[in-house]
>>> print(open('data_38.txt').read())   # compact mmCIF, C-alpha atoms and all ligand atoms
# COMPACT_ATOMS: atom_id res chain seq x y z
CA MET A 9 -7.11 33.81 24.23
CA PHE A 10 -5.65 31.87 27.14
CA ARG A 11 -7.80 29.87 29.47
CA ALA A 12 -6.73 27.66 32.35
CA ILE A 13 -8.94 24.82 33.51
CA GLN A 14 -8.19 23.28 36.89
CA LEU A 15 -8.84 19.58 37.12
CA PHE A 16 -7.90 17.65 40.20
CA ALA A 17 -7.11 14.13 39.35
CA GLY A 18 -8.37 11.52 41.68
CA SER A 19 -11.69 13.34 41.90
CA THR A 20 -14.51 10.88 41.34
CA LEU A 21 -16.15 13.29 38.93
CA LEU A 22 -13.14 13.19 36.63
CA ALA A 23 -12.73 9.44 36.92
CA SER A 24 -16.35 8.54 36.37
CA ALA A 25 -16.68 10.96 33.47
CA CYS A 26 -13.90 9.25 31.54
CA VAL A 27 -13.79 5.57 32.25
CA VAL A 28 -14.69 3.37 29.34
CA GLN A 29 -14.12 -0.37 29.45
CA ALA A 30 -11.43 -0.33 26.78
CA PHE A 31 -9.52 2.50 28.41
CA PRO A 32 -6.45 2.03 30.58
CA THR A 33 -6.85 2.63 34.31
CA GLN A 34 -6.15 6.16 35.42
CA GLN A 35 -3.44 6.47 38.07
CA VAL A 36 -2.15 10.01 38.41
CA VAL A 37 1.26 9.16 39.84
CA PRO A 38 4.83 9.02 38.51
CA GLY A 39 4.83 6.16 35.96
CA GLY A 40 1.03 6.30 35.67
CA LEU A 41 -1.34 8.11 33.36
CA VAL A 42 -4.05 10.73 33.52
CA ILE A 43 -7.17 10.83 31.33
CA LEU A 44 -8.25 14.41 30.65
CA PRO A 45 -11.36 15.55 28.75
CA LEU A 46 -10.37 18.26 26.25
CA ALA A 47 -13.39 19.26 24.20
CA SER A 48 -16.65 18.17 22.65
CA GLN A 49 -16.39 15.98 19.56
CA GLU A 50 -18.24 18.70 17.68
CA GLU A 51 -14.82 20.41 17.63
CA HIS A 52 -11.94 19.20 15.47
CA ARG A 53 -9.63 16.75 17.24
CA PRO A 54 -7.47 18.95 19.50
CA MET A 55 -3.66 18.66 19.61
CA ALA A 56 -2.21 18.19 23.08
CA TYR A 57 1.38 18.43 24.36
CA TYR A 58 2.97 17.48 27.66
CA ALA A 59 6.58 18.42 28.45
CA GLY A 60 7.06 19.15 24.73
CA ALA A 61 5.86 15.73 23.51
CA ARG A 62 2.64 15.19 21.57
CA VAL A 63 -0.03 13.43 23.60
CA THR A 64 -2.50 10.71 22.56
CA VAL A 65 -6.00 12.10 21.94
CA VAL A 66 -8.91 9.69 21.49
CA PRO A 67 -12.69 9.97 21.14
CA GLU A 68 -14.72 8.93 24.19
CA GLY A 69 -18.50 9.31 24.31
CA ASP A 70 -19.10 12.74 22.79
CA SER A 71 -15.74 14.16 23.88
CA TRP A 72 -12.08 14.20 22.91
CA VAL A 73 -9.89 13.02 25.77
CA ALA A 74 -6.12 13.01 26.26
CA LEU A 75 -4.23 9.97 27.63
CA VAL A 76 -1.12 11.47 29.21
CA GLY A 77 1.84 9.35 30.31
CA ILE A 78 3.56 10.67 33.46
CA PRO A 79 7.33 10.03 33.66
CA LEU A 80 8.60 8.01 36.64
CA ASP A 81 10.91 10.84 37.70
CA THR A 82 8.07 13.42 37.99
CA GLU A 83 7.94 15.13 41.38
CA PRO A 84 4.39 15.07 42.82
CA SER A 85 3.11 18.55 41.85
CA LEU A 86 0.68 20.44 39.63
CA GLN A 87 1.47 19.66 35.97
CA GLN A 88 0.26 21.33 32.80
CA LEU A 89 -1.04 19.95 29.54
CA LYS A 90 -1.01 22.40 26.63
CA ILE A 91 -3.77 22.04 24.07
CA ASN A 92 -4.45 23.63 20.74
CA LEU A 93 -8.14 23.77 19.99
CA GLY A 94 -8.84 25.22 16.55
CA GLY A 95 -5.84 27.56 16.85
CA VAL A 96 -6.69 28.61 20.42
CA GLN A 97 -4.07 27.71 23.02
CA GLN A 98 -5.28 26.43 26.37
CA THR A 99 -3.74 24.89 29.45
CA ILE A 100 -5.18 22.11 31.59
CA SER A 101 -3.67 21.42 35.00
CA PHE A 102 -3.55 18.11 36.83
CA GLU A 103 -2.09 17.14 40.17
CA VAL A 104 0.41 14.25 40.27
CA GLN A 105 0.16 12.27 43.53
CA PRO A 106 3.15 10.56 45.20
CA LYS A 107 3.76 6.84 44.77
CA HIS A 108 6.31 4.68 46.52
CA TYR A 109 8.09 2.06 44.45
CA ARG A 110 9.98 -0.78 46.10
CA THR A 111 13.62 -1.59 45.68
CA GLN A 112 14.74 -4.78 43.94
CA TYR A 113 18.22 -6.25 44.36
CA LEU A 114 19.47 -8.35 41.46
CA ARG A 115 22.67 -10.26 40.79
CA ILE A 116 23.76 -10.11 37.12
CA LYS A 117 26.39 -12.69 36.12
CA ASP A 118 27.83 -10.62 33.27
CA ASN A 119 29.20 -7.58 35.14
CA ASN A 120 29.76 -5.76 31.81
CA LYS A 121 25.95 -5.40 31.70
CA VAL A 122 26.18 -3.46 34.99
CA GLU A 123 29.52 -1.65 34.57
CA PRO A 124 29.93 -1.49 30.78
CA ASP A 125 33.39 -1.09 29.21
CA ASP A 126 34.10 1.83 26.84
CA ASP A 127 32.95 0.03 23.67
CA SER A 128 29.72 -1.05 25.34
CA SER A 129 29.15 2.47 26.72
CA GLU A 130 29.39 3.91 23.21
CA ARG A 131 26.87 1.35 21.97
CA ILE A 132 24.51 2.15 24.88
CA VAL A 133 24.53 5.89 24.10
CA GLN A 134 23.59 5.17 20.45
CA GLU A 135 20.87 2.73 21.46
CA MET A 136 19.38 5.16 23.99
CA ALA A 137 19.02 7.75 21.21
CA LEU A 138 17.41 5.11 18.96
CA GLN A 139 14.96 4.07 21.70
CA LYS A 140 14.04 7.71 22.32
CA ARG A 141 13.25 8.15 18.60
CA LEU A 142 11.18 4.95 18.49
CA THR A 143 9.13 5.72 21.59
CA LYS A 144 8.39 9.31 20.52
CA GLN A 145 6.76 8.29 17.20
CA TYR A 146 3.33 9.71 16.57
CA THR A 147 1.69 8.21 13.50
CA GLY A 148 -1.99 8.44 12.62
CA GLU A 149 -4.49 7.78 15.35
CA VAL A 150 -4.69 5.11 18.05
CA LEU A 151 -6.06 1.84 16.69
CA SER A 152 -7.06 0.41 20.09
CA THR A 153 -6.32 0.97 23.78
CA GLU A 154 -7.72 -2.43 24.70
CA PHE A 155 -4.73 -4.70 25.38
CA ILE A 156 -4.32 -8.41 25.96
CA ARG A 157 -1.56 -9.97 28.07
CA PRO A 158 1.45 -10.65 25.79
CA VAL A 159 2.34 -13.97 27.43
CA ALA A 160 0.93 -16.24 30.11
CA GLY A 161 3.17 -16.48 33.17
CA ARG A 162 4.01 -15.22 36.60
CA ASP A 163 4.67 -11.48 37.14
CA SER A 164 8.33 -11.50 38.18
CA GLY A 165 9.17 -7.80 38.22
CA ARG A 166 6.76 -4.92 38.53
CA PHE A 167 7.06 -1.65 36.73
CA GLY A 168 8.91 1.12 38.60
CA LEU A 169 11.06 -1.03 40.91
CA ARG A 170 14.16 0.88 42.00
CA ARG A 171 17.04 -1.31 40.96
CA ILE A 172 20.25 -2.25 42.67
CA LEU A 173 22.28 -4.44 40.32
CA ASN A 174 25.41 -6.08 41.76
CA GLY A 175 25.26 -3.51 44.55
CA GLN A 176 24.99 -0.49 42.20
CA GLN A 177 21.99 1.77 41.71
CA ARG A 178 20.69 1.70 38.13
CA GLN A 179 17.66 3.06 36.20
CA PRO A 180 14.28 2.05 37.66
CA HIS A 181 12.38 -0.75 35.95
CA SER A 182 10.73 0.63 32.80
CA GLY A 183 8.33 -2.25 32.14
CA MET A 184 6.71 -5.39 33.48
CA ASP A 185 8.51 -8.74 33.68
CA ILE A 186 6.60 -11.96 33.08
CA ALA A 187 8.47 -15.20 33.80
CA ALA A 188 7.91 -17.92 31.18
CA ALA A 189 9.89 -20.79 29.69
CA THR A 190 12.27 -20.09 26.82
CA GLY A 191 10.41 -20.47 23.54
CA THR A 192 6.96 -19.51 24.90
CA PRO A 193 5.18 -17.53 22.13
CA VAL A 194 4.79 -13.77 22.70
CA LYS A 195 1.68 -12.04 21.36
CA VAL A 196 1.29 -8.42 20.34
CA VAL A 197 -1.05 -6.69 22.83
CA ALA A 198 -3.06 -4.66 20.29
CA PRO A 199 -3.12 -4.06 16.53
CA GLY A 200 -0.11 -2.13 15.25
CA ARG A 201 2.89 -1.92 12.97
CA VAL A 202 6.39 -3.21 13.75
CA ILE A 203 8.76 -0.21 13.80
CA TYR A 204 11.94 -1.92 14.97
CA THR A 205 13.44 -5.36 15.40
CA GLY A 206 17.03 -5.95 16.44
CA ASN A 207 19.46 -6.76 19.22
CA LEU A 208 20.18 -4.12 21.86
CA PHE A 209 22.78 -4.19 24.65
CA PHE A 210 20.33 -4.24 27.58
CA SER A 211 17.07 -5.35 25.90
CA GLY A 212 18.60 -8.19 23.86
CA ASN A 213 16.40 -9.25 20.94
CA VAL A 214 13.65 -6.68 20.89
CA VAL A 215 10.51 -5.71 18.94
CA TYR A 216 8.86 -2.29 19.01
CA VAL A 217 5.24 -1.95 17.83
CA ASP A 218 3.52 1.36 17.02
CA HIS A 219 -0.20 1.26 17.87
CA GLY A 220 -0.78 4.74 16.38
CA GLY A 221 -1.36 8.10 18.01
CA GLY A 222 1.74 7.96 20.23
CA LEU A 223 1.02 4.57 21.84
CA ILE A 224 4.00 2.18 21.55
CA SER A 225 4.73 -1.25 23.03
CA MET A 226 8.07 -3.04 23.35
CA TYR A 227 9.00 -6.70 23.95
CA ALA A 228 12.53 -7.53 25.16
CA HIS A 229 14.95 -10.43 25.91
CA LEU A 230 13.35 -12.53 23.14
CA ASN A 231 14.86 -15.85 22.15
CA GLN A 232 13.51 -15.48 18.62
CA ILE A 233 11.94 -12.67 16.59
CA LYS A 234 9.21 -13.81 14.19
CA VAL A 235 8.25 -10.47 12.57
CA LYS A 236 9.89 -7.98 10.23
CA ASN A 237 10.18 -4.24 10.37
CA GLY A 238 7.12 -2.60 8.77
CA GLU A 239 4.90 -5.66 9.27
CA VAL A 240 1.29 -4.92 10.22
CA LEU A 241 0.02 -7.06 13.11
CA GLY A 242 -3.43 -7.87 14.42
CA GLN A 243 -4.04 -8.17 18.15
CA GLY A 244 -2.71 -11.52 19.42
CA ASP A 245 -0.38 -12.17 16.46
CA TYR A 246 2.86 -13.90 17.49
CA LEU A 247 5.89 -11.65 17.26
CA GLY A 248 8.52 -13.87 18.83
CA ALA A 249 9.42 -16.20 21.68
CA VAL A 250 10.45 -15.66 25.30
CA GLY A 251 14.18 -15.80 26.04
CA SER A 252 16.93 -14.30 28.20
CA THR A 253 18.98 -12.25 25.69
CA GLY A 254 20.51 -8.94 26.82
CA ARG A 255 20.64 -8.11 30.54
CA ALA A 256 18.43 -10.77 32.10
CA THR A 257 18.71 -12.99 35.15
CA GLY A 258 16.57 -15.73 33.60
CA SER A 259 14.00 -16.53 30.93
CA HIS A 260 11.22 -13.90 30.92
CA LEU A 261 9.45 -11.31 28.82
CA HIS A 262 10.10 -7.67 29.58
CA TRP A 263 7.13 -5.68 28.26
CA SER A 264 7.05 -1.88 28.12
CA VAL A 265 4.31 0.57 27.13
CA TYR A 266 4.91 4.18 26.11
CA LEU A 267 2.61 7.19 25.85
CA ASN A 268 4.01 10.57 24.72
CA GLY A 269 7.50 9.02 24.74
CA THR A 270 7.17 8.06 28.41
CA ALA A 271 7.35 4.52 29.82
CA ILE A 272 4.29 3.92 31.99
CA ASN A 273 3.02 0.98 34.00
CA PRO A 274 1.78 -1.68 31.49
CA ALA A 275 -0.48 -3.16 34.20
CA LEU A 276 -2.76 -0.11 33.76
CA PHE A 277 -3.72 -1.51 30.34
CA LEU A 278 -4.75 -4.95 31.60
ZN ZN A 301 12.21 -6.00 32.85
>>> encode(input="data_38.txt", output="structure tokens", more="lines below")
Ligand SMILES: [Zn+2]
Amino acid sequence: MFRAIQLFAGSTLLASACVVQAFPTQQVVPGGLVILPLASQEEHRPMAYYAGARVTVVPEGDSWVALVGIPLDTEPSLQQLKINLGGVQQTISFEVQPKHYRTQYLRIKDNNKVEPDDDSSERIVQEMALQKRLTKQYTGEVLSTEFIRPVAGRDSGRFGLRRILNGQQRQPHSGMDIAAATGTPVKVVAPGRVIYTGNLFFSGNVVYVDHGGGLISMYAHLNQIKVKNGEVLGQGDYLGAVGSTGRATGSHLHWSVYLNGTAINPALFL
């Protein structure tokens, strides 16, 4: 059996039916997320997939709902979520609305971080594959979607900014930057398990935390890392300190959030 349900995001019916205090804010735009009701909780937890990646499914009221991350490079259009409900395949459609992101011009002192040499390029390719693996993890179920701010400080770079570095166009900004003094403690935003710590070419000293069910957070440019791979953290536990390692113009935390392997705007979780 194949059934298509049309849901138009942005409709107040959809929004009001799904919003729970602990849920992220729905913003059905590139780099945002859509919250879609799938089935009654009397059914087994459905499996949902978007663009081939497994999607976070959580209980809400008496329903199962999907939290779907929308990639920044999505063209505004009708998109499809595939669900498997007790062996029955279904499709749910949602409309992605346009969003304009501003351009940010930055001057990076170390030009190798903008125009990498051959050795660095090789390293970058390997690290991109690693980051893809880390952000696509789907383990168990989501522990919590209620986040705290990882560090106090001024927002110094919004998610989604189109970036011109030393006059060259580069990837748009995949997280939120918070300016803070070197050494300021960084807290984990929700309970989870550390799945990677290390030093990456662009991110510098970095920690990845798996919050279960396809929800991942990442903390970059750290001065110090205080946790180990595999460590289980409670919300607010310190994982490291703010720094400027990797490609950074000054001391700040770069914080990213991923759903279904897609970087989305962390501000939607605050
Ligand atoms: Zn950043």
>>> closest_atom_pairs(input="data_38.txt", of="chain A", to="ligand ZN 301 (chain A)", cutoff="7 Å", atoms="only C-alpha atoms and all ligand atoms", output="Markdown table")
| residue | atom | partner | partner_atom | distance |
| --- | --- | --- | --- | --- |
| A:Gly165 | CA | A:ZN301 | ZN | 6.4 |
| A:His181 | CA | A:ZN301 | ZN | 6.1 |
| A:Ser182 | CA | A:ZN301 | ZN | 6.8 |
| A:Gly183 | CA | A:ZN301 | ZN | 5.4 |
| A:Met184 | CA | A:ZN301 | ZN | 5.6 |
| A:Asp185 | CA | A:ZN301 | ZN | 4.7 |
| A:His262 | CA | A:ZN301 | ZN | 4.2 |
| A:Trp263 | CA | A:ZN301 | ZN | 6.9 |
>>> closest_residue(input="data_38.txt", among="A:Gly175, A:Gly251, A:Gly222, A:Gly77", to="A:Asn119", atoms="only C-alpha atoms")
A:Gly175
>>> closest_residue(input="data_38.txt", among="A:Thr111, A:Ser128, A:Ser71, A:Gln105", to="A:Gly168", atoms="only C-alpha atoms")
A:Thr111
>>> residues_near_point(input="data_38.txt", point="(2.5, -13.4, 21.2)", cutoff="12 Å", atoms="all atoms listed in the file", output="ChimeraX atom specification")
/A:156-160,191-199,215,226-227,230,232-235,241-250,261,263
>>> closest_residue(input="data_38.txt", among="A:Ser101, A:Asn207, A:Ser152, A:Ser85", to="A:Leu223", atoms="only C-alpha atoms")
A:Ser152
>>> closest_residue(input="data_38.txt", among="A:Asn120, A:Thr190, A:Lys140, A:Glu154", to="A:Asn174", atoms="only C-alpha atoms")
A:Asn120
